[in-house]
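S.K.: Just one file: coords.cif, with mmCIF, C-alpha atoms.
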```cif
data_run
#
loop_
_atom_site.label_atom_id
_atom_site.label_comp_id
_atom_site.auth_asym_id
_atom_site.auth_seq_id
_atom_site.Cartn_x
_atom_site.Cartn_y
_atom_site.Cartn_z
CA MET A 7 3.91 -23.00 -31.46
CA ASN A 8 6.78 -20.59 -31.91
CA SER A 9 7.80 -21.22 -28.35
CA THR A 10 8.95 -24.79 -28.82
CA VAL A 11 10.61 -24.64 -32.21
CA THR A 12 14.34 -25.30 -32.06
CA THR A 13 16.82 -23.45 -34.17
CA GLY A 14 17.95 -25.28 -37.28
CA THR A 15 21.61 -25.50 -36.37
CA GLU A 16 20.89 -27.31 -33.10
CA THR A 17 21.45 -31.03 -33.52
CA SER A 18 19.96 -32.14 -30.21
CA VAL A 19 17.25 -30.59 -28.11
CA TRP A 20 19.13 -31.76 -25.03
CA GLY A 21 22.39 -30.27 -26.15
CA GLY A 22 21.73 -26.98 -24.45
CA GLY A 23 21.25 -23.55 -25.90
CA ASN A 24 17.53 -24.15 -26.06
CA GLN A 25 15.28 -21.61 -24.39
CA PRO A 26 11.63 -22.46 -23.82
CA LEU A 27 9.41 -19.38 -24.25
CA GLY A 28 12.45 -17.46 -25.42
CA ALA A 29 13.57 -16.68 -21.90
CA SER A 30 16.75 -17.79 -20.20
CA TYR A 31 16.52 -20.17 -17.25
CA GLY A 32 17.22 -17.49 -14.64
CA LYS A 33 14.77 -15.03 -16.10
CA MET A 34 12.00 -17.58 -16.34
CA MET A 35 12.54 -18.70 -12.73
CA MET A 36 12.40 -15.05 -11.68
CA TRP A 37 9.07 -14.73 -13.45
CA PHE A 38 7.76 -17.88 -11.78
CA PHE A 39 8.79 -16.49 -8.41
CA LEU A 40 7.13 -13.17 -9.18
CA VAL A 41 3.89 -14.86 -10.20
CA SER A 42 3.77 -16.81 -6.93
CA ASP A 43 4.69 -13.70 -4.95
CA ALA A 44 1.96 -11.78 -6.76
CA LEU A 45 -0.52 -14.43 -5.64
CA THR A 46 0.69 -14.07 -2.04
CA PHE A 47 0.11 -10.33 -2.12
CA SER A 48 -3.25 -10.84 -3.81
CA GLY A 49 -4.20 -13.15 -0.96
CA PHE A 50 -3.34 -10.47 1.58
CA LEU A 51 -5.18 -7.74 -0.28
CA ALA A 52 -8.20 -10.00 -0.82
CA ALA A 53 -8.23 -10.75 2.91
CA TYR A 54 -8.11 -7.00 3.54
CA GLY A 55 -11.10 -6.62 1.21
CA PHE A 56 -12.89 -9.39 3.09
CA SER A 57 -12.49 -7.66 6.45
CA ARG A 58 -13.36 -4.33 5.00
CA PHE A 59 -16.57 -5.54 3.37
CA LYS A 60 -17.44 -7.24 6.62
CA PHE A 61 -17.20 -3.94 8.51
CA ILE A 62 -17.98 -1.69 5.57
CA GLU A 63 -20.00 0.79 7.65
CA THR A 64 -17.38 1.31 10.36
CA TRP A 65 -14.07 1.03 8.47
CA PRO A 66 -11.63 3.94 9.06
CA ILE A 67 -11.37 6.55 6.31
CA ALA A 68 -7.75 6.55 5.09
CA ASP A 69 -7.81 10.29 4.34
CA GLU A 70 -8.31 10.95 8.03
CA VAL A 71 -5.63 8.50 9.13
CA PHE A 72 -2.63 9.40 6.98
CA THR A 73 -2.57 13.18 7.11
CA HIS A 74 1.01 14.05 7.98
CA VAL A 75 4.03 15.13 5.96
CA PRO A 76 7.47 15.17 7.60
CA PHE A 77 8.76 18.65 8.56
CA PHE A 78 5.33 20.20 7.92
CA HIS A 79 2.53 20.84 10.36
CA GLY A 80 -1.07 20.69 9.34
CA ASN A 81 -3.49 18.43 7.60
CA TYR A 82 -2.26 17.09 4.24
CA PRO A 83 -4.07 13.86 3.44
CA MET A 84 -2.39 11.59 0.89
CA ILE A 85 0.31 14.04 -0.19
CA TYR A 86 3.15 12.11 1.40
CA VAL A 87 2.02 8.71 0.14
CA ALA A 88 1.71 10.15 -3.34
CA LEU A 89 5.28 11.39 -3.01
CA MET A 90 6.44 7.94 -1.87
CA THR A 91 4.68 6.40 -4.86
CA PHE A 92 6.46 8.81 -7.15
CA VAL A 93 9.85 8.02 -5.55
CA LEU A 94 9.28 4.31 -6.13
CA ILE A 95 8.17 4.78 -9.75
CA MET A 96 11.15 7.06 -10.30
CA SER A 97 13.55 4.42 -8.94
CA SER A 98 11.85 1.93 -11.24
CA VAL A 99 12.69 4.22 -14.14
CA THR A 100 16.38 4.42 -13.21
CA MET A 101 16.31 0.61 -12.98
CA VAL A 102 14.96 0.27 -16.55
CA LEU A 103 17.56 2.75 -17.69
CA ALA A 104 20.23 0.59 -16.01
CA VAL A 105 18.91 -2.48 -17.84
CA ASP A 106 18.86 -0.52 -21.09
CA ALA A 107 22.44 0.68 -20.54
CA GLY A 108 23.39 -2.93 -19.74
CA HIS A 109 22.10 -4.08 -23.13
CA LYS A 110 24.40 -1.54 -24.70
CA MET A 111 27.30 -2.67 -22.46
CA LYS A 112 27.82 0.78 -20.98
CA GLN A 113 29.32 -0.10 -17.61
CA ASN A 114 29.55 3.44 -16.22
CA ALA A 115 25.95 4.28 -17.06
CA VAL A 116 24.77 1.05 -15.37
CA ILE A 117 26.76 1.97 -12.24
CA TRP A 118 25.15 5.39 -11.95
CA TYR A 119 21.63 4.19 -12.69
CA MET A 120 21.96 1.35 -10.18
CA PHE A 121 23.23 3.83 -7.62
CA ALA A 122 20.21 6.09 -8.17
CA THR A 123 17.89 3.06 -7.87
CA VAL A 124 19.39 2.09 -4.51
CA ILE A 125 19.03 5.66 -3.23
CA GLY A 126 15.37 5.74 -4.32
CA GLY A 127 14.75 2.45 -2.54
CA ILE A 128 16.35 3.70 0.67
CA ILE A 129 14.26 6.88 0.59
CA PHE A 130 11.13 4.79 0.16
CA VAL A 131 11.92 2.40 3.03
CA GLY A 132 12.78 5.37 5.25
CA SER A 133 9.48 7.03 4.37
CA GLN A 134 7.61 3.88 5.19
CA ALA A 135 9.36 3.65 8.57
CA TRP A 136 8.35 7.24 9.25
CA GLU A 137 4.78 6.47 8.21
CA TRP A 138 4.71 3.54 10.62
CA GLY A 139 6.11 5.67 13.41
CA THR A 140 3.48 8.34 12.90
CA PHE A 141 0.72 5.76 12.77
CA ILE A 142 1.90 3.98 15.94
CA LYS A 143 2.34 7.25 17.83
CA GLY A 144 -1.18 8.34 16.97
CA ASP A 145 -2.78 11.67 16.40
CA HIS A 146 -5.61 12.86 18.65
CA GLY A 147 -6.26 9.92 20.92
CA ALA A 148 -9.64 8.24 21.48
CA LEU A 149 -11.67 6.19 23.92
CA GLU A 150 -12.51 2.54 23.52
CA THR A 151 -15.82 1.10 24.70
CA LYS A 152 -16.46 -2.27 26.26
CA GLY A 153 -17.47 -3.67 22.89
CA GLY A 154 -14.21 -2.48 21.34
CA ARG A 155 -15.74 0.49 19.50
CA ILE A 156 -13.68 3.67 19.16
CA LEU A 157 -15.03 7.06 20.24
CA GLN A 158 -13.24 10.09 18.81
CA PHE A 159 -13.74 13.75 19.75
CA VAL A 160 -14.64 16.74 17.65
CA LYS A 161 -14.89 20.46 18.45
CA ALA A 162 -18.50 21.47 17.93
CA ASP A 163 -17.83 25.02 16.70
CA THR A 164 -15.12 24.34 14.11
CA GLY A 165 -15.80 20.71 13.28
CA GLU A 166 -12.10 19.91 13.76
CA ARG A 167 -10.84 16.88 15.61
CA ALA A 168 -10.14 17.52 19.30
CA SER A 169 -7.12 15.90 20.93
CA LEU A 170 -7.58 14.36 24.37
CA ALA A 171 -5.03 16.79 25.80
CA ASP A 172 -7.15 19.73 24.54
CA PHE A 173 -9.98 19.17 26.96
CA ALA A 174 -8.97 16.52 29.51
CA ALA A 175 -9.19 17.68 33.13
CA SER A 176 -6.18 17.35 35.38
CA ILE A 177 -6.81 14.99 38.26
CA PRO A 178 -3.80 14.36 40.49
CA ASP A 179 -3.10 10.67 40.51
CA ASP A 180 -0.39 8.49 41.97
CA ARG A 181 -0.77 5.74 39.42
CA ILE A 182 2.59 4.78 37.95
CA ILE A 183 3.56 2.14 35.41
CA HIS A 184 3.81 -1.25 37.02
CA GLU A 185 7.13 -2.75 36.03
CA ARG A 186 8.50 -6.22 36.35
CA LYS A 187 11.09 -5.19 38.89
CA ASN A 188 8.53 -3.99 41.50
CA GLY A 189 6.13 -6.87 41.11
CA ILE A 190 5.84 -9.72 43.55
CA TRP A 191 5.35 -11.95 40.59
CA PHE A 192 6.37 -11.36 36.96
CA PHE A 193 3.76 -8.80 36.10
CA GLN A 194 4.19 -5.85 33.84
CA GLU A 195 1.87 -3.60 31.87
CA PRO A 196 2.10 -1.46 28.75
CA SER A 197 2.98 2.20 29.25
CA LEU A 198 0.21 4.34 30.71
CA THR A 199 -1.68 6.76 28.49
CA SER A 200 -0.88 10.45 28.83
CA VAL A 201 -4.34 11.13 30.28
CA SER A 202 -6.50 8.79 32.30
CA LEU A 203 -10.07 7.79 31.49
CA ALA A 204 -11.37 9.75 34.50
CA GLU A 205 -9.59 12.88 33.30
CA VAL A 206 -11.10 12.58 29.82
CA VAL A 207 -14.59 11.98 31.22
CA GLU A 208 -14.34 14.96 33.63
CA GLY A 209 -12.92 17.21 30.94
CA PHE A 210 -15.64 16.18 28.51
CA LYS A 211 -18.40 16.98 31.01
CA ALA A 212 -16.88 20.40 31.72
CA ASP A 213 -16.39 21.42 28.07
CA SER A 214 -19.69 21.72 26.20
CA ASN A 215 -17.87 22.38 22.93
CA ILE A 216 -16.72 18.76 22.57
CA LEU A 217 -18.79 16.12 20.79
CA ILE A 218 -18.25 12.41 20.21
CA ARG A 219 -17.74 10.95 16.76
CA THR A 220 -18.51 7.26 16.34
CA GLU A 221 -17.07 4.80 13.82
CA GLN A 222 -20.37 4.57 11.95
CA ILE A 223 -20.18 5.98 8.41
CA ASN A 224 -23.31 7.90 7.42
CA GLU A 225 -25.02 8.50 4.07
CA GLU A 226 -22.55 11.24 3.09
CA GLY A 227 -19.61 8.90 3.62
CA GLU A 228 -18.56 10.66 6.83
CA LYS A 229 -18.25 9.42 10.38
CA THR A 230 -21.41 10.01 12.45
CA LEU A 231 -21.29 12.91 14.88
CA LEU A 232 -23.40 12.53 18.04
CA ASP A 233 -25.12 15.53 19.62
CA ARG A 234 -24.18 16.59 23.15
CA LYS A 235 -26.84 14.48 24.89
CA ALA A 236 -26.07 11.32 22.94
CA SER A 237 -22.37 11.99 23.43
CA LEU A 238 -22.72 12.05 27.19
CA ALA A 239 -24.70 8.80 27.09
CA LYS A 240 -22.08 7.20 24.86
CA LEU A 241 -19.26 8.37 27.12
CA ALA A 242 -20.55 6.13 29.90
CA GLU A 243 -19.71 3.07 27.78
CA ALA A 244 -16.02 3.94 27.51
CA THR A 245 -13.62 1.66 29.34
CA GLN A 246 -10.17 2.91 28.36
CA VAL A 247 -8.07 5.55 26.67
CA VAL A 248 -6.37 4.60 23.39
CA GLU A 249 -3.46 6.60 22.01
CA GLY A 250 -1.91 5.51 18.75
CA ALA A 251 -2.25 2.16 17.08
CA ASN A 252 -0.87 -1.30 17.62
CA LEU A 253 -2.07 -4.82 16.89
CA ILE A 254 -4.58 -4.80 19.77
CA HIS A 255 -5.87 -1.23 20.00
CA ASN A 256 -6.27 1.35 17.29
CA GLU A 257 -7.37 4.92 17.94
CA TYR A 258 -8.29 5.41 14.26
CA GLY A 259 -11.09 2.84 14.34
CA SER A 260 -11.28 -0.83 13.53
CA ARG A 261 -8.23 -2.65 14.90
CA LEU A 262 -8.24 -4.89 11.83
CA PHE A 263 -7.30 -1.82 9.83
CA ALA A 264 -4.11 -1.45 11.87
CA ASP A 265 -3.41 -5.18 11.70
CA PHE A 266 -3.66 -5.22 7.90
CA PHE A 267 -1.73 -1.99 7.63
CA PHE A 268 1.18 -3.42 9.58
CA PHE A 269 1.01 -6.75 7.84
CA ILE A 270 0.67 -5.68 4.21
CA THR A 271 2.85 -2.56 4.19
CA GLY A 272 5.31 -4.43 6.42
CA PHE A 273 5.50 -7.34 4.00
CA HIS A 274 5.88 -4.92 1.12
CA GLY A 275 8.50 -2.90 3.03
CA PHE A 276 10.41 -6.12 3.64
CA HIS A 277 10.35 -6.74 -0.12
CA VAL A 278 11.67 -3.25 -0.77
CA PHE A 279 14.37 -3.77 1.85
CA SER A 280 15.52 -7.07 0.32
CA GLY A 281 15.32 -5.43 -3.11
CA VAL A 282 17.67 -2.70 -1.91
CA VAL A 283 20.09 -5.29 -0.52
CA ILE A 284 20.06 -7.28 -3.78
CA ASN A 285 20.48 -4.08 -5.78
CA ILE A 286 23.52 -3.15 -3.69
CA ILE A 287 25.09 -6.57 -4.33
CA ILE A 288 24.49 -6.23 -8.07
CA PHE A 289 25.77 -2.65 -7.94
CA PHE A 290 29.11 -3.81 -6.57
CA ASN A 291 29.23 -6.63 -9.11
CA VAL A 292 28.82 -4.05 -11.86
CA VAL A 293 31.49 -1.84 -10.29
CA ILE A 294 34.07 -4.62 -10.18
CA GLY A 295 33.22 -5.53 -13.76
CA THR A 296 31.76 -9.01 -13.27
CA TYR A 297 29.16 -8.61 -16.01
CA GLU A 298 31.57 -6.85 -18.32
CA ARG A 299 33.72 -10.01 -18.23
CA ARG A 300 30.68 -12.28 -18.49
CA GLY A 301 29.72 -10.47 -21.65
CA HIS A 302 26.14 -9.61 -20.74
CA TYR A 303 24.17 -7.79 -18.05
CA GLU A 304 21.32 -10.24 -17.62
CA MET A 305 21.67 -10.23 -13.83
CA VAL A 306 20.79 -6.54 -13.84
CA GLU A 307 17.72 -7.38 -15.90
CA LYS A 308 16.66 -10.08 -13.42
CA VAL A 309 16.94 -7.94 -10.30
CA GLY A 310 15.26 -5.26 -12.36
CA LEU A 311 12.25 -7.53 -12.76
CA TYR A 312 12.09 -7.99 -8.99
CA TRP A 313 12.42 -4.28 -8.39
CA HIS A 314 9.61 -3.43 -10.82
CA PHE A 315 7.47 -6.05 -9.19
CA VAL A 316 7.89 -4.29 -5.84
CA ASP A 317 6.74 -1.10 -7.54
CA LEU A 318 3.83 -2.94 -9.12
CA VAL A 319 2.66 -4.26 -5.75
CA TRP A 320 2.91 -0.80 -4.23
CA VAL A 321 0.61 0.57 -6.93
CA PHE A 322 -2.07 -1.85 -5.71
CA VAL A 323 -1.38 -1.29 -2.01
CA PHE A 324 -1.62 2.46 -2.63
CA THR A 325 -4.99 2.08 -4.30
CA PHE A 326 -6.59 -0.31 -1.83
CA PHE A 327 -5.19 1.21 1.36
CA TYR A 328 -5.16 4.89 0.64
CA LEU A 329 -7.53 5.67 -2.22
CA VAL A 330 -10.53 3.36 -2.32
CA MET B 30 16.06 -9.11 -27.31
CA ALA B 31 18.65 -6.44 -26.85
CA ASP B 32 17.75 -4.68 -30.07
CA GLY B 33 14.24 -5.97 -30.49
CA HIS B 34 12.37 -3.38 -28.44
CA LYS B 35 8.88 -2.57 -29.53
CA LEU B 36 8.72 1.18 -29.32
CA GLU B 37 5.08 2.07 -29.75
CA ILE B 38 2.58 2.40 -26.91
CA PHE B 39 -1.19 3.12 -26.92
CA ARG B 40 -1.61 0.59 -29.75
CA GLY B 41 0.78 2.41 -32.02
CA LEU B 42 -0.63 5.87 -31.38
CA VAL B 43 2.65 7.06 -29.86
CA LYS B 44 5.92 5.78 -31.29
CA PHE B 45 9.22 6.55 -29.64
CA LYS B 46 12.58 6.85 -31.35
CA SER B 47 14.58 4.90 -28.77
CA ASN B 48 14.00 2.65 -25.77
CA THR B 49 15.29 5.35 -23.40
CA GLN B 50 12.79 7.79 -24.81
CA LYS B 51 10.00 5.29 -24.36
CA ILE B 52 10.94 4.83 -20.69
CA TRP B 53 10.63 8.57 -20.01
CA GLY B 54 7.39 8.70 -21.94
CA VAL B 55 5.92 5.90 -19.84
CA LEU B 56 7.14 7.63 -16.67
CA ALA B 57 5.33 10.82 -17.70
CA PHE B 58 2.17 8.82 -18.31
CA LEU B 59 2.37 6.96 -14.96
CA THR B 60 3.02 10.21 -13.10
CA LEU B 61 0.02 11.79 -14.78
CA ILE B 62 -2.22 8.89 -13.70
CA THR B 63 -0.93 9.05 -10.11
CA ALA B 64 -1.53 12.80 -10.04
CA VAL B 65 -5.10 12.32 -11.31
CA GLU B 66 -5.70 9.67 -8.61
CA VAL B 67 -4.38 11.90 -5.82
CA VAL B 68 -6.37 14.93 -6.97
CA LEU B 69 -9.56 12.87 -7.24
CA GLY B 70 -8.81 11.37 -3.80
CA ILE B 71 -8.44 14.78 -2.19
CA ILE B 72 -11.34 16.56 -3.91
CA LYS B 73 -13.71 13.55 -4.00
CA PRO B 74 -16.21 15.12 -6.43
CA ALA B 75 -19.78 14.52 -5.26
CA SER B 76 -20.83 13.45 -8.75
CA LEU B 77 -18.42 10.51 -8.55
CA THR B 78 -18.97 9.51 -4.92
CA ASP B 79 -22.77 9.56 -5.14
CA THR B 80 -23.04 7.46 -8.28
CA TYR B 81 -23.01 3.73 -7.79
CA VAL B 82 -22.07 1.30 -10.53
CA LEU B 83 -22.53 -2.41 -9.79
CA GLY B 84 -22.78 -1.72 -6.05
CA MET B 85 -19.56 0.28 -5.83
CA LYS B 86 -18.95 4.02 -5.94
CA LEU B 87 -17.98 5.27 -9.40
CA ILE B 88 -14.86 6.95 -7.95
CA ASN B 89 -13.62 3.59 -6.65
CA TRP B 90 -14.14 2.03 -10.08
CA ILE B 91 -12.07 4.85 -11.55
CA PHE B 92 -9.30 4.26 -9.00
CA ILE B 93 -9.21 0.53 -9.67
CA ILE B 94 -9.24 0.93 -13.45
CA LEU B 95 -6.47 3.56 -13.31
CA THR B 96 -4.47 1.19 -11.10
CA LEU B 97 -4.83 -1.61 -13.63
CA VAL B 98 -3.73 0.76 -16.39
CA LYS B 99 -0.65 1.66 -14.33
CA ALA B 100 0.06 -2.02 -13.64
CA TYR B 101 -0.22 -2.74 -17.37
CA TYR B 102 2.39 -0.16 -18.32
CA ILE B 103 4.75 -1.16 -15.50
CA ALA B 104 4.57 -4.81 -16.56
CA TRP B 105 4.61 -4.17 -20.30
CA ASP B 106 7.29 -1.49 -20.54
CA PHE B 107 9.34 -1.55 -17.34
CA MET B 108 9.33 -5.33 -17.02
CA HIS B 109 9.48 -5.42 -20.85
CA LEU B 110 6.75 -8.04 -21.23
CA ARG B 111 6.00 -6.24 -24.50
CA ASP B 112 9.26 -7.63 -25.89
CA GLU B 113 8.74 -11.20 -24.64
CA LYS B 114 7.13 -14.06 -26.54
CA SER B 115 3.35 -13.96 -26.32
CA SER B 116 3.27 -17.48 -24.82
CA LEU B 117 5.42 -16.38 -21.87
CA ARG B 118 3.36 -13.22 -21.47
CA ARG B 119 0.08 -15.12 -21.39
CA ALA B 120 1.36 -17.68 -18.91
CA ILE B 121 2.49 -14.92 -16.56
CA VAL B 122 -0.50 -12.63 -16.88
CA TRP B 123 -3.58 -14.80 -17.16
CA THR B 124 -2.75 -17.23 -14.34
CA PRO B 125 -2.83 -14.61 -11.56
CA ILE B 126 -5.70 -12.69 -13.15
CA PHE B 127 -7.91 -15.80 -13.18
CA LEU B 128 -7.01 -16.80 -9.61
CA VAL B 129 -7.35 -13.28 -8.21
CA ILE B 130 -10.77 -12.71 -9.76
CA TYR B 131 -11.90 -16.07 -8.39
CA LEU B 132 -10.59 -15.37 -4.88
CA THR B 133 -11.90 -11.82 -4.59
CA PHE B 134 -15.31 -12.87 -5.87
CA ILE B 135 -15.63 -15.58 -3.23
CA LEU B 136 -14.23 -13.51 -0.35
CA LEU B 137 -16.18 -10.34 -1.05
CA VAL B 138 -19.50 -12.14 -1.47
CA GLU B 139 -18.89 -13.99 1.78
CA ALA B 140 -17.87 -10.77 3.56
CA ASP B 141 -21.03 -9.06 2.39
CA TYR B 142 -23.06 -11.93 3.79
CA ILE B 143 -21.32 -11.62 7.18
CA TYR B 144 -21.94 -7.87 7.11
CA ASN B 145 -25.65 -8.56 6.77
CA VAL B 146 -25.53 -11.06 9.62
CA TYR B 147 -24.03 -8.41 11.87
CA LYS B 148 -26.53 -5.85 10.66
CA ASP B 149 -29.80 -7.79 10.72
CA GLY B 150 -28.98 -10.75 12.90
CA PHE B 151 -29.14 -10.84 16.65
CA VAL B 152 -25.52 -9.89 17.09
CA SER B 153 -24.70 -7.03 19.42
CA TRP B 154 -21.43 -5.31 18.63
CA ASN B 155 -21.96 -1.62 19.37
CA PHE B 156 -21.77 -1.34 23.15
#
```
As structure tokens, what does this structure read like?
M.R.:
Amino acid sequence: MNSTVTTGTETSVWGGGNQPLGASYGKMMMWFFLVSDALTFSGFLAAYGFSRFKFIETWPIADEVFTHVPFFHGNYPMIYVALMTFVLIMSSVTMVLAVDAGHKMKQNAVIWYMFATVIGGIIFVGSQAWEWGTFIKGDHGALETKGGRILQFVKADTGERASLADFAASIPDDRIIHERKNGIWFFQEPSLTSVSLAEVVEGFKADSNILIRTEQINEEGEKTLLDRKASLAKLAEATQVVEGANLIHNEYGSRLFADFFFFITGFHGFHVFSGVVINIIIFFNVVIGTYERRGHYEMVEKVGLYWHFVDLVWVFVFTFFYLV
Amino acid sequence: MADGHKLEIFRGLVKFKSNTQKIWGVLAFLTLITAVEVVLGIIKPASLTDTYVLGMKLINWIFIILTLVKAYYIAWDFMHLRDEKSSLRRAIVWTPIFLVIYLTFILLVEADYIYNVYKDGFVSWNF
């Protein structure tokens, strides 16, 4: 019952100065908001789990999707996301240090720690934008069948992924993007793929070193590789070339994976973005001495709670999107 | 609150001299856990991926448990729940935990059922 006991000097409970649960009004409201926001994110992640369990045998393997690091060529699964995670945790640390310095009323220290926090947040949002860009642009390209299944290509001798451009034949074609301005009616289409379906099919038939990899995950936890004969049979089912990922087509596999990726990391990225904006506002308030005059730095503590929450959510997104 | 920081973590096993020191200590611990997760994720030891516990790969259990450990230290030390009244802490922590367990249980069981419908039922999807 320690939470409801009033201090002895207080004559009236309604007189103010009373703090239920020992937290100030603003801090408690921040916690309420965070709890409800946590439930929103849980709903998203649970929905992701639902879709994943539904298509458990064909779900994309994250290690094969997120393999790039900016400024470096090659195959580095997870490294960049791990770095992003570290950046976010690090900016969380500078935030706690800012709160700690605020308790001690050290204005200059708060300024510098807040500044570092904002920088960390900006680096993280930038990284996420880059990650989106890489994901949307795509990697090797794939074919999509009539049933919406994705067929990827692998080099038989090395076992590496083969890009469409590696083996596609060159068939001269006059097909150009149909734009609104040359239509009789208001028709337009998305940009054409770099190679056409016919070119991929011809190139595949000519190059016996290329095999098809289906979405199906086998006993070893890897995608199933078809032999040459089965590959040729499967190729006949393809209806279009897919390069990159968007909400409708996804060269990495299940389109739901892309949908959830955009939705959940986008929602989280939006949180980080608003966190950065709020942090900047508080930063300037600290600089002009608002909290020094107010006598306490509780505002820093409250935005700190929000900022840590963003970090907390990322820890879960990291696990369920990239690790598990 | 300002001076009332609880400075020991791991149930009193490690005790820090100041709040600042505790923050760096927790950072080191969180970084270590993240590093372990990444290394396990890249290597994927066969002994962990081939063992199933309660229908899920052992490695995934390890990832989820490590994540919860990380979440605990972020909430307890960075969001200083450790220094709050236990009533506030319980209200914040147990409400989502209860609801999330409930929701994931329902959704995952249902998803598994749909998976079996696709697999064994007369539904053609691979064409």
S.K.: Just how far from CA of Phe173 in chain A is CA of Gly209 in chain A, in Å to one decimal?
M.R.: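 Between these atoms lies a distance of 5.3 Å.
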S.K.: Find the residues near range 114-117 of chain B: any atom within 8 Å, counting only C-alpha atoms, skip ones fewer than 3 places away on the same chain, and give them as a list in words.
M.R.: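 The filter keeps Ser9, Leu27 and Gly28 of chain A; Ala120 and Ile121 of chain B.
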S.K.: On this structure, the PyMOL selection byres ((chain B) within 8 of (chain A)) would catch which residues? List them as a PDB file with C-alpha atoms, in the frame of the given file, sorted by chain and number.
M.R.:
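So expr-v7.pdb came out as:
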```
ATOM      1  CA  ALA B  31      18.650  -6.440 -26.850  1.00  0.00           C
ATOM      2  CA  ASN B  48      14.000   2.650 -25.770  1.00  0.00           C
ATOM      3  CA  THR B  49      15.290   5.350 -23.400  1.00  0.00           C
ATOM      4  CA  ILE B  52      10.940   4.830 -20.690  1.00  0.00           C
ATOM      5  CA  TRP B  53      10.630   8.570 -20.010  1.00  0.00           C
ATOM      6  CA  LEU B  56       7.140   7.630 -16.670  1.00  0.00           C
ATOM      7  CA  THR B  60       3.020  10.210 -13.100  1.00  0.00           C
ATOM      8  CA  THR B  63      -0.930   9.050 -10.110  1.00  0.00           C
ATOM      9  CA  ALA B  64      -1.530  12.800 -10.040  1.00  0.00           C
ATOM     10  CA  GLU B  66      -5.700   9.670  -8.610  1.00  0.00           C
ATOM     11  CA  VAL B  67      -4.380  11.900  -5.820  1.00  0.00           C
ATOM     12  CA  GLY B  70      -8.810  11.370  -3.800  1.00  0.00           C
ATOM     13  CA  ILE B  71      -8.440  14.780  -2.190  1.00  0.00           C
ATOM     14  CA  ILE B  88     -14.860   6.950  -7.950  1.00  0.00           C
ATOM     15  CA  ASN B  89     -13.620   3.590  -6.650  1.00  0.00           C
ATOM     16  CA  PHE B  92      -9.300   4.260  -9.000  1.00  0.00           C
ATOM     17  CA  ILE B  93      -9.210   0.530  -9.670  1.00  0.00           C
ATOM     18  CA  THR B  96      -4.470   1.190 -11.100  1.00  0.00           C
ATOM     19  CA  LYS B  99      -0.650   1.660 -14.330  1.00  0.00           C
ATOM     20  CA  ALA B 100       0.060  -2.020 -13.640  1.00  0.00           C
ATOM     21  CA  ILE B 103       4.750  -1.160 -15.500  1.00  0.00           C
ATOM     22  CA  ALA B 104       4.570  -4.810 -16.560  1.00  0.00           C
ATOM     23  CA  PHE B 107       9.340  -1.550 -17.340  1.00  0.00           C
ATOM     24  CA  MET B 108       9.330  -5.330 -17.020  1.00  0.00           C
ATOM     25  CA  GLU B 113       8.740 -11.200 -24.640  1.00  0.00           C
ATOM     26  CA  LYS B 114       7.130 -14.060 -26.540  1.00  0.00           C
ATOM     27  CA  SER B 116       3.270 -17.480 -24.820  1.00  0.00           C
ATOM     28  CA  LEU B 117       5.420 -16.380 -21.870  1.00  0.00           C
ATOM     29  CA  ILE B 121       2.490 -14.920 -16.560  1.00  0.00           C
ATOM     30  CA  PRO B 125      -2.830 -14.610 -11.560  1.00  0.00           C
ATOM     31  CA  LEU B 128      -7.010 -16.800  -9.610  1.00  0.00           C
ATOM     32  CA  VAL B 129      -7.350 -13.280  -8.210  1.00  0.00           C
ATOM     33  CA  LEU B 132     -10.590 -15.370  -4.880  1.00  0.00           C
ATOM     34  CA  THR B 133     -11.900 -11.820  -4.590  1.00  0.00           C
ATOM     35  CA  LEU B 136     -14.230 -13.510  -0.350  1.00  0.00           C
ATOM     36  CA  LEU B 137     -16.180 -10.340  -1.050  1.00  0.00           C
ATOM     37  CA  GLU B 139     -18.890 -13.990   1.780  1.00  0.00           C
ATOM     38  CA  ALA B 140     -17.870 -10.770   3.560  1.00  0.00           C
ATOM     39  CA  ASP B 141     -21.030  -9.060   2.390  1.00  0.00           C
ATOM     40  CA  TYR B 142     -23.060 -11.930   3.790  1.00  0.00           C
ATOM     41  CA  ILE B 143     -21.320 -11.620   7.180  1.00  0.00           C
ATOM     42  CA  TYR B 144     -21.940  -7.870   7.110  1.00  0.00           C
ATOM     43  CA  TRP B 154     -21.430  -5.310  18.630  1.00  0.00           C
ATOM     44  CA  ASN B 155     -21.960  -1.620  19.370  1.00  0.00           C
ATOM     45  CA  PHE B 156     -21.770  -1.340  23.150  1.00  0.00           C
TER      46      PHE B 156
END
```
S.K.: For the structure shown, which residues end up in the PyMOL selection byres ((chain A and resi 205) around 12)? Put them as a ChimeraX atom specification, please?
M.R.: /A:149,170-179,199-204,206-212,246-247
S.K.: May I ask for the distance between CA of Arg234 in chain A and CA of Phe159 in chain A, given in Å to one decimal place?
M.R.: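 We find that CA of Arg234 in chain A and CA of Phe159 in chain A lie 11.3 Å from each other.
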S.K.: Find the residues near range 181-187 of chain A: any atom within 10 Å, counting only C-alpha atoms, skip ones fewer than 5 places away on the same chain, and give them as a ChimeraX atom specification.
M.R.: /A:192-199,202
S.K.: Enumerate, as a ChimeraX atom specification, the residues matched when the PyMOL selection byres ((chain A and resi 111) around 12) is run on the file above.
M.R.: /A:104-110,112-117,292,295,297-304,306 /B:31
S.K.: Between CA of Leu262 in chain A and CA of Trp65 in chain A, what is the distance in Å, rounded to a tenth?
M.R.: 9.0 Å
